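Written below as structure tokens is the structure these notes are about.
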Amino acid sequence: MLRGPLLRRLGNHSRRNRIYKALRELGRVVRTVTLLRYLSEPQLRDQITAITNRTEAFHGFAAHLMIGGQLISHNDPDYQERVVKFNELIANCAIYSTALDITDAANALAAEGHVVDPDDLATISPLITRTIRRFGNWIVDTTPPQNIVATRLDLTPRALFPAAPV
């Protein structure tokens, strides 16, 4: 099997290794091409900025939910990994719950005959912190819900993505 000897050769941290040097140069080429694309393509810069902002917003939201502060008190890597995973699970559950609430509100408005503007929906973020009671009463009800949860918007056809004018 090729993988074992290759990983052994790369794992010895020898800078004189030809494979190491070749992969290092390949990495430099990929990095340079990516940097040149970033500098020359405004759309790529906008896309990277949008994704970075979205990721930072999620991390800020998860940090808000971190109970006990930012400090993880143990040096045990397994414990630290569990804390991070639990925090992200809580953040994702809160985001999902808020998204369902937003969907219910938009469906209720559409059912009443109001026009739900897709541009307005695009500005709503499920990363809302002011409605979350971090240190309040946490009641976990494991019984199934009576009503089916609405996970899709019931808007008129082509409301969110209207056909482009020809």
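FYI, nothing fancy with the structure tokens labels: chains A, B, ... in order, residues from 1 per chain, ligands from 1 as they appear.
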DSSP alpha helix (DSSP H) residues within chain A, listed as number ranges by chain: A: 3-11, 18-40, 42-65, 77-111, 118-122
Please provide the set of residues having any atom within 12 Å of A:Ser97, restricted to only C-alpha atoms, with same-chain residues fewer than 3 positions apart removed, written as a PyMOL selection string. chain A and resi 90-94+100-104+126-128+131-132+149-151
From the options A:Thr34, A:Asn17, A:Thr49, A:Thr129, which residue's atoms come nearest to A:Thr98, counting only C-alpha atoms?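 Of the candidates, the smallest distance to A:Thr98 is held by A:Thr129.
Using only C-alpha atoms, the smallest distance between any of A:Pro144, A:Ile19, A:Ser125, A:Asn87 and A:Pro5 comes from A:Ile19.
Taking atom CA of A:Ala105 as the reference point, atom CA of A:Leu121 is found at 10.7 Å.
Across the structure, atom CA of A:Phe135 and atom CA of A:Lys85 are spaced 19.6 Å apart.
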